[in-house]
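Text of the file final-v3.csv, holding CSV, N, CA and C atoms:
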```csv
chain,number,residue,atom,x,y,z
A,1,MET,N,132.3,-106.3,78.0
A,1,MET,CA,132.9,-105.3,77.1
A,1,MET,C,133.4,-104.1,78.0
A,2,ALA,N,134.6,-103.9,77.9
A,2,ALA,CA,135.3,-102.8,78.7
A,2,ALA,C,135.2,-101.5,77.9
A,3,GLN,N,134.9,-100.5,78.6
A,3,GLN,CA,135.0,-99.1,77.9
A,3,GLN,C,136.2,-98.4,78.4
A,4,HIS,N,136.9,-97.8,77.5
A,4,HIS,CA,138.1,-97.0,77.9
A,4,HIS,C,137.7,-95.5,77.8
A,5,LEU,N,138.1,-94.8,78.8
A,5,LEU,CA,137.9,-93.4,78.8
A,5,LEU,C,139.2,-92.7,78.4
A,6,ALA,N,139.1,-91.8,77.4
A,6,ALA,CA,140.2,-91.1,77.0
A,6,ALA,C,140.6,-90.0,78.0
A,7,GLN,N,141.8,-90.0,78.3
A,7,GLN,CA,142.3,-88.9,79.2
A,7,GLN,C,143.1,-87.9,78.4
A,8,PRO,N,142.8,-86.6,78.7
A,8,PRO,CA,143.5,-85.6,77.9
A,8,PRO,C,145.0,-85.6,78.3
A,9,THR,N,145.8,-85.6,77.4
A,9,THR,CA,147.3,-85.6,77.7
A,9,THR,C,147.9,-84.2,77.5
A,10,ALA,N,147.3,-83.3,76.7
A,10,ALA,CA,147.9,-82.0,76.5
A,10,ALA,C,147.1,-81.0,77.4
A,11,THR,N,147.7,-80.0,77.8
A,11,THR,CA,147.1,-78.9,78.5
A,11,THR,C,146.3,-78.1,77.5
A,12,PRO,N,145.1,-77.5,77.9
A,12,PRO,CA,144.3,-76.7,77.0
A,12,PRO,C,145.0,-75.4,76.7
A,13,ALA,N,144.8,-75.0,75.4
A,13,ALA,CA,145.5,-73.7,75.0
A,13,ALA,C,144.8,-72.5,75.7
A,14,LEU,N,145.7,-71.7,76.2
A,14,LEU,CA,145.2,-70.4,76.8
A,14,LEU,C,145.1,-69.3,75.7
A,15,PRO,N,144.1,-68.5,75.8
A,15,PRO,CA,144.0,-67.4,74.9
A,15,PRO,C,145.2,-66.4,75.0
A,16,ALA,N,145.6,-65.9,73.9
A,16,ALA,CA,146.7,-65.0,73.8
A,16,ALA,C,146.4,-63.7,74.6
A,17,LYS,N,147.3,-63.2,75.3
A,17,LYS,CA,147.1,-61.9,76.1
A,17,LYS,C,147.2,-60.8,75.1
A,18,LEU,N,146.3,-59.9,75.2
A,18,LEU,CA,146.3,-58.7,74.3
A,18,LEU,C,146.8,-57.5,75.1
A,19,PRO,N,147.9,-56.9,74.7
A,19,PRO,CA,148.5,-55.8,75.5
A,19,PRO,C,147.6,-54.6,75.5
A,20,LEU,N,147.6,-53.9,76.6
A,20,LEU,CA,146.7,-52.7,76.8
A,20,LEU,C,147.1,-51.6,75.8
A,21,LYS,N,148.4,-51.6,75.5
A,21,LYS,CA,148.9,-50.5,74.6
A,21,LYS,C,148.3,-50.7,73.2
A,22,ALA,N,147.9,-51.9,72.8
A,22,ALA,CA,147.3,-52.2,71.5
A,22,ALA,C,145.8,-51.9,71.5
A,23,VAL,N,145.2,-52.0,72.7
A,23,VAL,CA,143.8,-51.8,72.7
A,23,VAL,C,143.4,-50.3,73.0
A,24,ALA,N,144.2,-49.7,73.8
A,24,ALA,CA,143.9,-48.3,74.3
A,24,ALA,C,143.6,-47.3,73.1
A,25,PRO,N,144.3,-47.2,72.1
A,25,PRO,CA,144.0,-46.3,71.0
A,25,PRO,C,142.6,-46.6,70.4
A,26,TRP,N,142.3,-47.8,70.2
A,26,TRP,CA,141.0,-48.2,69.6
A,26,TRP,C,139.9,-47.9,70.6
A,27,ALA,N,140.1,-48.1,71.8
A,27,ALA,CA,139.1,-47.8,72.8
A,27,ALA,C,138.8,-46.3,72.9
A,28,VAL,N,139.9,-45.5,72.8
A,28,VAL,CA,139.7,-44.0,72.8
A,28,VAL,C,139.0,-43.6,71.6
A,29,PHE,N,139.4,-44.1,70.4
A,29,PHE,CA,138.7,-43.8,69.1
A,29,PHE,C,137.2,-44.1,69.2
A,30,PHE,N,136.9,-45.3,69.5
A,30,PHE,CA,135.5,-45.7,69.5
A,30,PHE,C,134.7,-44.9,70.6
A,31,GLY,N,135.3,-44.6,71.8
A,31,GLY,CA,134.7,-43.8,72.8
A,31,GLY,C,134.3,-42.4,72.3
A,32,ILE,N,135.3,-41.8,71.6
A,32,ILE,CA,135.0,-40.5,71.0
A,32,ILE,C,134.0,-40.5,69.9
A,33,LEU,N,134.0,-41.6,69.1
A,33,LEU,CA,133.0,-41.7,68.1
A,33,LEU,C,131.6,-41.9,68.7
A,34,MET,N,131.5,-42.7,69.7
A,34,MET,CA,130.2,-42.8,70.4
A,34,MET,C,129.7,-41.5,71.0
A,35,LEU,N,130.6,-40.7,71.5
A,35,LEU,CA,130.2,-39.4,72.1
A,35,LEU,C,129.7,-38.5,71.0
A,36,VAL,N,130.4,-38.5,69.9
A,36,VAL,CA,129.9,-37.7,68.7
A,36,VAL,C,128.6,-38.1,68.2
A,37,LEU,N,128.4,-39.4,68.1
A,37,LEU,CA,127.1,-39.9,67.7
A,37,LEU,C,126.0,-39.6,68.7
A,38,LEU,N,126.3,-39.7,69.9
A,38,LEU,CA,125.3,-39.4,71.0
A,38,LEU,C,125.0,-37.9,70.9
A,39,TYR,N,126.0,-37.1,70.6
A,39,TYR,CA,125.7,-35.6,70.5
A,39,TYR,C,124.7,-35.4,69.4
A,40,PHE,N,125.0,-36.0,68.2
A,40,PHE,CA,124.1,-35.7,67.0
A,40,PHE,C,122.7,-36.3,67.2
A,41,VAL,N,122.6,-37.4,67.9
A,41,VAL,CA,121.3,-38.0,68.1
A,41,VAL,C,120.6,-37.2,69.2
A,42,GLY,N,121.3,-36.8,70.3
A,42,GLY,CA,120.6,-36.2,71.4
A,42,GLY,C,120.5,-34.7,71.5
A,43,ALA,N,121.5,-34.0,70.9
A,43,ALA,CA,121.5,-32.5,71.1
A,43,ALA,C,121.5,-31.7,69.9
A,44,GLU,N,121.9,-32.3,68.7
A,44,GLU,CA,121.9,-31.5,67.5
A,44,GLU,C,120.6,-30.9,67.2
A,45,GLN,N,120.5,-29.7,66.6
A,45,GLN,CA,119.4,-29.0,66.3
A,45,GLN,C,118.7,-28.4,67.5
A,46,GLY,N,119.4,-28.3,68.6
A,46,GLY,CA,118.9,-27.7,69.8
A,46,GLY,C,119.6,-26.4,70.1
A,47,ALA,N,119.9,-26.1,71.3
A,47,ALA,CA,120.5,-24.8,71.7
A,47,ALA,C,122.0,-24.8,71.3
A,48,THR,N,122.6,-26.0,71.1
A,48,THR,CA,124.0,-26.1,70.8
A,48,THR,C,124.2,-26.6,69.4
A,49,SER,N,123.4,-26.2,68.4
A,49,SER,CA,123.4,-26.6,67.1
A,49,SER,C,124.7,-26.3,66.4
A,50,VAL,N,125.3,-27.3,65.7
A,50,VAL,CA,126.5,-27.1,64.9
A,50,VAL,C,126.2,-26.9,63.5
A,51,ILE,N,125.2,-27.7,63.0
A,51,ILE,CA,124.8,-27.6,61.6
A,51,ILE,C,123.5,-27.0,61.4
A,52,ASN,N,123.4,-26.0,60.6
A,52,ASN,CA,122.1,-25.3,60.4
A,52,ASN,C,121.1,-26.1,59.6
A,53,GLY,N,119.8,-25.8,59.8
A,53,GLY,CA,118.8,-26.6,59.1
A,53,GLY,C,118.3,-27.7,59.9
A,54,THR,N,117.4,-28.5,59.3
A,54,THR,CA,116.8,-29.6,60.0
A,54,THR,C,117.2,-31.0,59.4
A,55,GLY,N,118.2,-31.0,58.6
A,55,GLY,CA,118.7,-32.2,58.0
A,55,GLY,C,119.1,-33.3,59.0
A,56,VAL,N,119.9,-32.9,59.9
A,56,VAL,CA,120.4,-33.9,60.9
A,56,VAL,C,119.2,-34.3,61.8
A,57,HIS,N,118.3,-33.4,62.1
A,57,HIS,CA,117.2,-33.8,63.0
A,57,HIS,C,116.3,-34.8,62.3
A,58,GLU,N,116.1,-34.7,61.0
A,58,GLU,CA,115.3,-35.6,60.2
A,58,GLU,C,116.0,-37.0,60.1
A,59,TRP,N,117.3,-37.0,60.0
A,59,TRP,CA,118.0,-38.3,59.8
A,59,TRP,C,118.0,-39.1,61.1
A,60,VAL,N,118.0,-38.4,62.3
A,60,VAL,CA,118.1,-39.1,63.5
A,60,VAL,C,116.9,-39.0,64.4
A,61,HIS,N,115.8,-38.6,63.7
A,61,HIS,CA,114.5,-38.4,64.5
A,61,HIS,C,114.0,-39.6,65.2
A,62,ASP,N,114.0,-40.8,64.5
A,62,ASP,CA,113.5,-42.0,65.2
A,62,ASP,C,114.5,-42.5,66.3
A,63,ALA,N,115.8,-42.3,66.0
A,63,ALA,CA,116.7,-42.7,67.1
A,63,ALA,C,116.6,-41.8,68.3
A,64,ARG,N,116.2,-40.6,68.2
A,64,ARG,CA,116.0,-39.7,69.3
A,64,ARG,C,114.9,-40.3,70.2
A,65,HIS,N,113.8,-40.7,69.6
A,65,HIS,CA,112.6,-41.2,70.3
A,65,HIS,C,113.0,-42.6,70.9
A,66,LEU,N,113.7,-43.4,70.2
A,66,LEU,CA,114.1,-44.7,70.7
A,66,LEU,C,115.0,-44.6,71.9
A,67,LEU,N,115.9,-43.6,72.0
A,67,LEU,CA,116.8,-43.4,73.1
A,67,LEU,C,116.1,-42.5,74.2
A,68,GLY,N,114.9,-42.0,74.0
A,68,GLY,CA,114.3,-41.3,75.0
A,68,GLY,C,114.5,-39.8,75.0
A,69,PHE,N,115.1,-39.2,73.9
A,69,PHE,CA,115.3,-37.8,73.8
A,69,PHE,C,114.1,-37.1,73.3
A,70,PRO,N,113.6,-36.1,73.9
A,70,PRO,CA,112.5,-35.4,73.3
A,70,PRO,C,113.0,-34.5,72.2
A,71,CYS,N,112.2,-34.3,71.2
A,71,CYS,CA,112.6,-33.4,70.1
A,71,CYS,C,111.5,-32.5,69.6
A,72,HIS,N,110.3,-32.6,70.1
A,72,HIS,CA,109.3,-31.6,69.7
A,72,HIS,C,108.2,-31.5,70.8
```
Mind turning this structure into structure tokens?
Amino acid sequence: MAQHLAQPTATPALPAKLPLKAVAPWAVFFGILMLVLLYFVGAEQGATSVINGTGVHEWVHDARHLLGFPCH
């Protein structure tokens, strides 16, 4: 009994190239968003407080400890 091996005849499809101009605005947006989130988790309610009170501190309290920021 002869076994036949199938040989690929078509070339594999290459992924489409994504232009840098399409990615750059999203990368900048998410980079700024991450910096703002890092500020609120790491520095808000400290010497550079933007929002008065302890509301932000209470919302991100566990995230501060998880990321290694001291808060009390």
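Reported to one decimal place, the separation of CA of Val41 in chain A from CA of Gly68 in chain A is 10.4 Å.
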(request) Pick out each residue of chain A that DSSP on the backbone tags as alpha helix (DSSP H); I need them as a ChimeraX atom specification. (result) /A:20-42,55-59,61-67
Contacts of range 54-57 of chain A at 8 Å (all atoms listed in the file; same-chain gap of 5+ positions) as a PDB file with N, CA and C atoms, in the frame of the given file:
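As a result, selection_5.pdb now contains:
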```
ATOM      1  N   PHE A  40     125.000 -36.000  68.200  1.00  0.00           N
ATOM      2  CA  PHE A  40     124.100 -35.700  67.000  1.00  0.00           C
ATOM      3  C   PHE A  40     122.700 -36.300  67.200  1.00  0.00           C
ATOM      4  N   VAL A  41     122.600 -37.400  67.900  1.00  0.00           N
ATOM      5  CA  VAL A  41     121.300 -38.000  68.100  1.00  0.00           C
ATOM      6  C   VAL A  41     120.600 -37.200  69.200  1.00  0.00           C
ATOM      7  N   GLU A  44     121.900 -32.300  68.700  1.00  0.00           N
ATOM      8  CA  GLU A  44     121.900 -31.500  67.500  1.00  0.00           C
ATOM      9  C   GLU A  44     120.600 -30.900  67.200  1.00  0.00           C
ATOM     10  N   GLN A  45     120.500 -29.700  66.600  1.00  0.00           N
ATOM     11  CA  GLN A  45     119.400 -29.000  66.300  1.00  0.00           C
ATOM     12  C   GLN A  45     118.700 -28.400  67.500  1.00  0.00           C
ATOM     13  N   ASP A  62     114.000 -40.800  64.500  1.00  0.00           N
ATOM     14  CA  ASP A  62     113.500 -42.000  65.200  1.00  0.00           C
ATOM     15  C   ASP A  62     114.500 -42.500  66.300  1.00  0.00           C
TER      16      ASP A  62
END
```
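One finds CA of Ala43 in chain A at 8.6 Å from CA of Phe69 in chain A.
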(request) Figure out the distance between CA of Gly31 in chain A and atom N of Pro19 in chain A, please, to one decimal in Å. (result) 18.7 Å
Kindly compute an axis-aligned box around the listed atoms of range 50-64 of chain A, allowing 4 Å on each side, and express its centre and edge lengths in Å to one decimal as lines of an AutoDock Vina configuration file.
```
center_x = 120.0
center_y = -34.0
center_z = 64.1
size_x = 21.0
size_y = 25.4
size_z = 20.2
```
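Nearest-residue note for Leu67 in chain A: choosing from A:Leu18, A:Leu38, A:Ile51, A:Ala13, the minimum distance belongs to A:Leu38, counting only C-alpha atoms.
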